Amino acid sequence: MPRPFRCRPAPGRIRPLGAAAVPLAIGLALATTVALPACGPGASPADRPDILLLSIDTLRGDRWGCLGDPATRTPWMDRLARRGTLAFEGRAPAPVTLPSHTSLHTGLSPASHGVRDNGIFRMPADQGQLLAESLAGAGWTTAAFVSAYPLTKTFGLDRGFVRYDSNLGELDGDLGGMRQRPAGETVDRTLNWLGGGRGDSPAPDVPTFVWVHVFDPHAEYEPPGPWAASHAGDPYRGEVAYVDSQAGRLLRGWTAQRAGRTPLIAIVSDHGEGLHEHGESTHGALLHATTLRIPLVVATPDYAPRLIAEPMPLERIPATVLDRVGLPPRLNDGSAPTQDAPAGPVHGETLYPFYNFGWAGLRVREADGWRLIDGPAPRLYHLAVDPGETRDVAADHPERVTAMRADLEHEWERRLAVALAAEAREVSDEDLEALRALGYVGGGGASEPAEVAFTRGADPHARLVFVDRINQALTFLSHGDADRAVTALRAVVAEDPENRFAYQYLGQAAMQAGRLPEA
């Protein structure tokens with residue numbers, strides 16, 4: 001078992017990297033490196049490295065040992081960070097699974113690839129290029145193994161993969177029927193494929209690209225027994241530790257199955273988790289660092305270990321991977337450059353409040369130590385003195401708010417100028433139940449242009465309390481107490497009459513309660 005690697009004490013709240021990271025940078029510089037197989041333009045396919053991309057759903061930026069949390073036991077991921085490029089301040093483009101993963105595979109922001117929420121959009125079949133398509137065209141065998149419904153084939157990320165394993169089973173008919181599988185099962189299926197257990201398994205002399213997605217840190221937090229015991233009272237950390245153990249099993253199995261082939265390994269998250277900070281228990285509605293700060297690691301033995309302290313967008317991962325294996329790094333018009341390019345402002349968005357509740361969408365710009373969350377009531381935080389975003393200083397700095405909003409608008413104009421035409425989907429009842437079972441309320445349809453979300457609707461910060469009240473009502477409904485669900489949902493729509501999701505489930509609850517006139 002590799003020994004844990006810690007880079008600094010755990011913060012009380014998320015904060016930017018400071019001088020405490022200097023010992024890590026020194027340690028990284030002293031790490032030993034070996035040569036990666038030749039991977040330039042003239043290299044034969046057999047000489048090109050394997051690539052493993054591991055995306056961990058809902059892994060928050062301060063819940064990983066080497067990111068400052070000694071309470072979470074993550075020795076395997078710590079060891080990988082110690083020998084790779086660690087972006088300490090990674091940033092997700094959206095706090096929602098499908099939009100963020102679409103950015104991971106295209107290098108584009110959600111405004112440019114057009115997939116703005118779970119369930120109601122899909123990557124267009126005939127536009128843009130995905131990372132797997134580029135690698136497959138250059139000779140890599142490709143496979144994906146995903147663990148949750150928002151990333152199934154339905155939503156278009158299967159392009160370029162010879163195998164796309166998203167067989168999660170059928171809904172069980174209950175409101176809480178889950179469409180996910182545990183990390184251990186996904187790792188089992190990955191190693192079985194690598195070991196020749198399928199007809200399309202890779203040949204030993206063919207470079208292989210595998211994307212593995214695990215879902216476990218996502219709510220509900222239910223770590224298996226040993227990890228629940230070792231993190232008693234903190235099941236979120238227990239799930240993170242469990243995922244680390246499965247990452248270790250995947251890495252050991254990869255080494256055994258692909259002996260003699262040195263892989264490029266990237267470990268990322270798609271977004272963080274609120275954990276009740278800023279009033280948000282999970283993620284999706286707000287744009288604070290709790291849900292946008294993520295870990296990003298790319299480890300290649302022929303590159304000296306490196307620490308990146310500046311905010312680094314997830315969108316830079318595809319170009320970085322392609323560049324490291326000797327391929328042209330630009331996937332699409334407007335796609336992000338590699339991690340080696342100069343750092344700059346970072347941006348994010350969420351349209352989850354708009355499509356699900358009828359509230360306003362939010363956008364964020366982070367630059368020069370300031371974070372502006374733009375919405376009906378813009379919020380400004382000076383991260384250098386308030387890294388936990390506890391004090392909104394917009395009223396104290398109106399000129400900065402105006403300038404940052406103007407810069408944000410210009411950035412969105414640039415993104416929309418290269419936008420793909422994402423496909424809007426009709427959301428079925430099964431879609432709604434599958435998304436709800438995973439903690440997403442399910443999407444209200446994409447009949448309106450996405451940019452409308454930024455011009456109207458209530459401030460999600462002011463309405464966030466309704467999310468927990470709706471979830472309580474749905475718990476009543478799933479337990480067969482439809483009358484209590486009706487009462488709870490009627491109270492929500494009385495106070496929040498534009499809440500699409502509350503109305504939708506009020507009708508369902510009334511029908512289950514036999515109160516058809518109220519449905």
# chains A, B, ... in the order shown; residues from 1 in each chain; ligands from 1
>>> residues_around(residues="region 269-271 of chain A", least_positions_apart="3", cutoff="9 Å", atoms="only C-alpha atoms", output="MDAnalysis selection string")
chainID A and resid 54:61 90:101 104 283 290:296 314
>>> atom_distance(atom1="CA of Ala71 (chain A)", atom2="CA of Arg237 (chain A)")
7.8 Å
>>> select_by_dssp(residues="region 24-144 of chain A", states="strand (DSSP E or B)", output="list of chain:residue names")
A:Ile51, A:Leu52, A:Leu53, A:Leu54, A:Ser55, A:Ile56, A:Thr85, A:Leu86, A:Ala87, A:Phe88, A:Glu89, A:Gly90, A:Arg91, A:Phe121, A:Arg122, A:Thr141, A:Thr142, A:Ala143, A:Ala144
>>> residues_around(residues="Glu349 (chain A)", least_positions_apart="5", cutoff="9 Å", atoms="only C-alpha atoms", output="list in words")
Pro93, Ala94, Pro95, Pro110, Ala111, Arg116, Leu286, Leu287, Gly361, Leu362, Arg363 and Val364 of chain A
>>> write_last_selection(atoms="C-alpha atoms", output="mmCIF file, in the first residue's frame")
data_model
loop_
_atom_site.group_PDB
_atom_site.id
_atom_site.type_symbol
_atom_site.label_atom_id
_atom_site.label_comp_id
_atom_site.auth_asym_id
_atom_site.auth_seq_id
_atom_site.Cartn_x
_atom_site.Cartn_y
_atom_site.Cartn_z
ATOM 1 C CA PRO A 93 -17.477 24.471 -16.213
ATOM 2 C CA ALA A 94 -20.825 23.575 -14.608
ATOM 3 C CA PRO A 95 -21.897 21.875 -11.370
ATOM 4 C CA PRO A 110 -21.329 24.337 -22.122
ATOM 5 C CA ALA A 111 -22.275 27.512 -23.992
ATOM 6 C CA ARG A 116 -26.582 22.766 -20.696
ATOM 7 C CA LEU A 286 -25.188 27.707 -7.155
ATOM 8 C CA LEU A 287 -21.690 28.558 -8.411
ATOM 9 C CA GLY A 361 -29.515 30.715 -14.508
ATOM 10 C CA LEU A 362 -26.198 31.865 -13.093
ATOM 11 C CA ARG A 363 -22.760 32.576 -14.560
ATOM 12 C CA VAL A 364 -19.425 33.086 -12.851
#
>>> closest_residue(among="A:Ala367, A:Gln339, A:Pro207, A:Ala289", to="Gly388 (chain A)", atoms="only C-alpha atoms")
A:Ala289
>>> closest_residue(among="A:Gly68, A:Leu408, A:Pro376, A:Val385", to="Ala458 (chain A)", atoms="only C-alpha atoms")
A:Pro376
>>> residues_around(residues="Ala336 (chain A)", least_positions_apart="4", cutoff="12 Å", atoms="only C-alpha atoms", output="list in words")
Pro93, Ser103, Leu104, His105, Thr106, Gly107, Leu108, Ser109, Ser112, Met312, Pro313, Leu314, Glu315, Arg316, Ile317, Pro318, Ala319, Thr320, Pro329, Arg330, Leu331, Asn332, Asp340, Ala341, Pro342, Ala343, Gly344, Val346 and Arg415 of chain A
>>> write_last_selection(atoms="N, CA and C atoms", output="short mmCIF file (atom, residue, chain, number, x, y, z; two decimals), in the first residue's frame")
data_model
loop_
_atom_site.label_atom_id
_atom_site.label_comp_id
_atom_site.auth_asym_id
_atom_site.auth_seq_id
_atom_site.Cartn_x
_atom_site.Cartn_y
_atom_site.Cartn_z
N PRO A 93 -16.73 23.47 -15.44
CA PRO A 93 -17.48 24.47 -16.21
C PRO A 93 -18.93 24.59 -15.80
N SER A 103 -17.88 18.86 -21.70
CA SER A 103 -16.70 19.73 -21.80
C SER A 103 -15.41 18.91 -21.70
N LEU A 104 -15.40 17.91 -20.83
CA LEU A 104 -14.22 17.05 -20.69
C LEU A 104 -13.87 16.35 -21.98
N HIS A 105 -14.86 16.02 -22.79
CA HIS A 105 -14.61 15.26 -24.02
C HIS A 105 -14.53 16.12 -25.27
N THR A 106 -14.86 17.42 -25.18
CA THR A 106 -14.80 18.29 -26.35
C THR A 106 -13.81 19.43 -26.20
N GLY A 107 -13.45 19.80 -24.99
CA GLY A 107 -12.64 20.98 -24.75
C GLY A 107 -13.42 22.27 -24.84
N LEU A 108 -14.75 22.18 -24.96
CA LEU A 108 -15.61 23.34 -25.11
C LEU A 108 -16.39 23.63 -23.84
N SER A 109 -16.77 24.87 -23.65
CA SER A 109 -17.64 25.24 -22.55
C SER A 109 -19.06 24.78 -22.87
N SER A 112 -20.71 26.58 -25.61
CA SER A 112 -20.24 26.26 -26.97
C SER A 112 -20.66 24.87 -27.43
N MET A 312 -7.58 26.39 -13.04
CA MET A 312 -7.37 25.68 -14.31
C MET A 312 -8.68 25.01 -14.74
N PRO A 313 -9.22 25.38 -15.89
CA PRO A 313 -10.51 24.81 -16.31
C PRO A 313 -10.39 23.35 -16.73
N LEU A 314 -11.43 22.59 -16.44
CA LEU A 314 -11.53 21.20 -16.87
C LEU A 314 -11.42 21.08 -18.39
N GLU A 315 -11.89 22.09 -19.10
CA GLU A 315 -11.89 22.06 -20.57
C GLU A 315 -10.49 21.89 -21.17
N ARG A 316 -9.43 22.11 -20.37
CA ARG A 316 -8.07 21.98 -20.91
C ARG A 316 -7.56 20.54 -20.92
N ILE A 317 -8.29 19.62 -20.32
CA ILE A 317 -7.82 18.24 -20.26
C ILE A 317 -7.71 17.58 -21.64
N PRO A 318 -8.69 17.69 -22.55
CA PRO A 318 -8.54 17.01 -23.84
C PRO A 318 -7.30 17.44 -24.62
N ALA A 319 -7.06 18.75 -24.70
CA ALA A 319 -5.88 19.24 -25.43
C ALA A 319 -4.60 18.76 -24.76
N THR A 320 -4.60 18.73 -23.44
CA THR A 320 -3.42 18.28 -22.71
C THR A 320 -3.12 16.82 -23.01
N PRO A 329 -3.44 19.20 -30.59
CA PRO A 329 -4.25 19.33 -29.38
C PRO A 329 -5.62 19.96 -29.58
N ARG A 330 -5.85 20.60 -30.71
CA ARG A 330 -7.11 21.33 -30.87
C ARG A 330 -8.19 20.41 -31.42
N LEU A 331 -9.22 20.15 -30.62
CA LEU A 331 -10.31 19.28 -31.03
C LEU A 331 -11.36 20.02 -31.85
N ASN A 332 -11.71 21.23 -31.43
CA ASN A 332 -12.83 21.95 -32.03
C ASN A 332 -12.51 23.44 -32.08
N ASP A 340 -0.40 23.74 -20.37
CA ASP A 340 0.85 24.48 -20.45
C ASP A 340 0.66 25.91 -20.92
N ALA A 341 -0.49 26.22 -21.51
CA ALA A 341 -0.76 27.58 -21.97
C ALA A 341 -0.94 28.50 -20.76
N PRO A 342 -0.71 29.79 -20.94
CA PRO A 342 -0.85 30.72 -19.81
C PRO A 342 -2.23 30.65 -19.18
N ALA A 343 -2.28 30.78 -17.86
CA ALA A 343 -3.55 30.81 -17.15
C ALA A 343 -4.27 32.12 -17.43
N GLY A 344 -5.55 32.13 -17.21
CA GLY A 344 -6.35 33.33 -17.42
C GLY A 344 -7.63 33.26 -16.63
N VAL A 346 -11.31 32.30 -15.49
CA VAL A 346 -12.10 31.08 -15.66
C VAL A 346 -13.57 31.43 -15.47
N ARG A 415 -18.02 32.59 -26.90
CA ARG A 415 -18.40 31.18 -26.81
C ARG A 415 -19.56 30.85 -27.74
#
>>> select_by_dssp(residues="region 64-143 of chain A", states="alpha helix (DSSP H)", output="VMD selection string")
chain A and resid 75 to 82 97 to 106 110 to 113 131 to 137
>>> residues_around(residues="Thr85 (chain A)", least_positions_apart="6", cutoff="7 Å", atoms="only C-alpha atoms", output="VMD selection string")
chain A and resid 297 to 299 305 to 307
>>> write_last_selection(atoms="C-alpha atoms", output="compact mmCIF listing (two decimals), in the first residue's frame")
# COMPACT_ATOMS: atom_id res chain seq x y z
CA VAL A 297 -4.14 15.34 -12.35
CA VAL A 298 -2.32 14.27 -15.52
CA ALA A 299 0.56 11.84 -14.98
CA PRO A 305 5.98 16.49 -11.84
CA ARG A 306 4.47 19.93 -11.60
CA LEU A 307 2.08 21.92 -9.44
>>> atom_distance(atom1="CA of Glu495 (chain A)", atom2="CA of Leu275 (chain A)")
25.3 Å
>>> residues_around(residues="Val206 (chain A)", least_positions_apart="2", cutoff="9 Å", atoms="only C-alpha atoms", output="number ranges by chain")
A: 45-48, 50, 139-141, 202-204, 208
>>> decode(residues="region 273-294 of chain A", atoms="N, CA and C atoms", output="PDB file, in the first residue's frame")
ATOM      1  N   GLU A 273     -19.305  19.451  -4.354  1.00  0.00           N
ATOM      2  CA  GLU A 273     -20.520  19.190  -3.573  1.00  0.00           C
ATOM      3  C   GLU A 273     -20.654  20.268  -2.505  1.00  0.00           C
ATOM      4  N   GLY A 274     -21.864  20.765  -2.310  1.00  0.00           N
ATOM      5  CA  GLY A 274     -22.083  21.858  -1.376  1.00  0.00           C
ATOM      6  C   GLY A 274     -21.843  21.491   0.075  1.00  0.00           C
ATOM      7  N   LEU A 275     -22.308  20.299   0.489  1.00  0.00           N
ATOM      8  CA  LEU A 275     -22.171  19.851   1.878  1.00  0.00           C
ATOM      9  C   LEU A 275     -22.659  20.913   2.857  1.00  0.00           C
ATOM     10  N   HIS A 276     -23.753  21.577   2.464  1.00  0.00           N
ATOM     11  CA  HIS A 276     -24.489  22.545   3.288  1.00  0.00           C
ATOM     12  C   HIS A 276     -23.790  23.899   3.436  1.00  0.00           C
ATOM     13  N   GLU A 277     -22.680  24.113   2.762  1.00  0.00           N
ATOM     14  CA  GLU A 277     -22.116  25.460   2.743  1.00  0.00           C
ATOM     15  C   GLU A 277     -22.911  26.322   1.758  1.00  0.00           C
ATOM     16  N   HIS A 278     -23.053  27.583   2.074  1.00  0.00           N
ATOM     17  CA  HIS A 278     -23.827  28.531   1.260  1.00  0.00           C
ATOM     18  C   HIS A 278     -25.277  28.084   1.114  1.00  0.00           C
ATOM     19  N   GLY A 279     -25.738  27.238   2.016  1.00  0.00           N
ATOM     20  CA  GLY A 279     -27.119  26.780   1.981  1.00  0.00           C
ATOM     21  C   GLY A 279     -27.405  25.675   0.990  1.00  0.00           C
ATOM     22  N   GLU A 280     -26.381  25.145   0.338  1.00  0.00           N
ATOM     23  CA  GLU A 280     -26.587  24.125  -0.695  1.00  0.00           C
ATOM     24  C   GLU A 280     -26.102  22.771  -0.182  1.00  0.00           C
ATOM     25  N   SER A 281     -26.995  21.807  -0.115  1.00  0.00           N
ATOM     26  CA  SER A 281     -26.619  20.503   0.412  1.00  0.00           C
ATOM     27  C   SER A 281     -25.891  19.656  -0.620  1.00  0.00           C
ATOM     28  N   THR A 282     -26.267  19.764  -1.902  1.00  0.00           N
ATOM     29  CA  THR A 282     -25.622  18.943  -2.926  1.00  0.00           C
ATOM     30  C   THR A 282     -24.954  19.843  -3.967  1.00  0.00           C
ATOM     31  N   HIS A 283     -25.520  19.958  -5.160  1.00  0.00           N
ATOM     32  CA  HIS A 283     -24.892  20.765  -6.211  1.00  0.00           C
ATOM     33  C   HIS A 283     -25.911  21.055  -7.304  1.00  0.00           C
ATOM     34  N   GLY A 284     -25.557  21.983  -8.181  1.00  0.00           N
ATOM     35  CA  GLY A 284     -26.392  22.270  -9.344  1.00  0.00           C
ATOM     36  C   GLY A 284     -26.959  23.661  -9.374  1.00  0.00           C
ATOM     37  N   ALA A 285     -27.368  24.192  -8.220  1.00  0.00           N
ATOM     38  CA  ALA A 285     -28.094  25.460  -8.215  1.00  0.00           C
ATOM     39  C   ALA A 285     -27.200  26.678  -8.112  1.00  0.00           C
ATOM     40  N   LEU A 286     -26.048  26.557  -7.418  1.00  0.00           N
ATOM     41  CA  LEU A 286     -25.188  27.707  -7.155  1.00  0.00           C
ATOM     42  C   LEU A 286     -23.815  27.520  -7.796  1.00  0.00           C
ATOM     43  N   LEU A 287     -22.989  28.570  -7.739  1.00  0.00           N
ATOM     44  CA  LEU A 287     -21.690  28.558  -8.411  1.00  0.00           C
ATOM     45  C   LEU A 287     -20.559  28.984  -7.473  1.00  0.00           C
ATOM     46  N   HIS A 288     -20.587  28.493  -6.249  1.00  0.00           N
ATOM     47  CA  HIS A 288     -19.491  28.757  -5.330  1.00  0.00           C
ATOM     48  C   HIS A 288     -18.379  27.736  -5.544  1.00  0.00           C
ATOM     49  N   ALA A 289     -17.216  28.001  -4.936  1.00  0.00           N
ATOM     50  CA  ALA A 289     -16.086  27.095  -5.077  1.00  0.00           C
ATOM     51  C   ALA A 289     -16.378  25.703  -4.532  1.00  0.00           C
ATOM     52  N   THR A 290     -17.296  25.596  -3.604  1.00  0.00           N
ATOM     53  CA  THR A 290     -17.651  24.287  -3.060  1.00  0.00           C
ATOM     54  C   THR A 290     -18.072  23.317  -4.146  1.00  0.00           C
ATOM     55  N   THR A 291     -18.752  23.808  -5.188  1.00  0.00           N
ATOM     56  CA  THR A 291     -19.234  22.922  -6.256  1.00  0.00           C
ATOM     57  C   THR A 291     -18.468  23.070  -7.567  1.00  0.00           C
ATOM     58  N   LEU A 292     -17.585  24.053  -7.662  1.00  0.00           N
ATOM     59  CA  LEU A 292     -16.825  24.237  -8.901  1.00  0.00           C
ATOM     60  C   LEU A 292     -15.348  23.885  -8.767  1.00  0.00           C
ATOM     61  N   ARG A 293     -14.794  23.926  -7.561  1.00  0.00           N
ATOM     62  CA  ARG A 293     -13.378  23.579  -7.424  1.00  0.00           C
ATOM     63  C   ARG A 293     -13.219  22.061  -7.452  1.00  0.00           C
ATOM     64  N   ILE A 294     -12.322  21.570  -8.313  1.00  0.00           N
ATOM     65  CA  ILE A 294     -12.151  20.137  -8.516  1.00  0.00           C
ATOM     66  C   ILE A 294     -10.662  19.806  -8.638  1.00  0.00           C
TER      67      ILE A 294
END
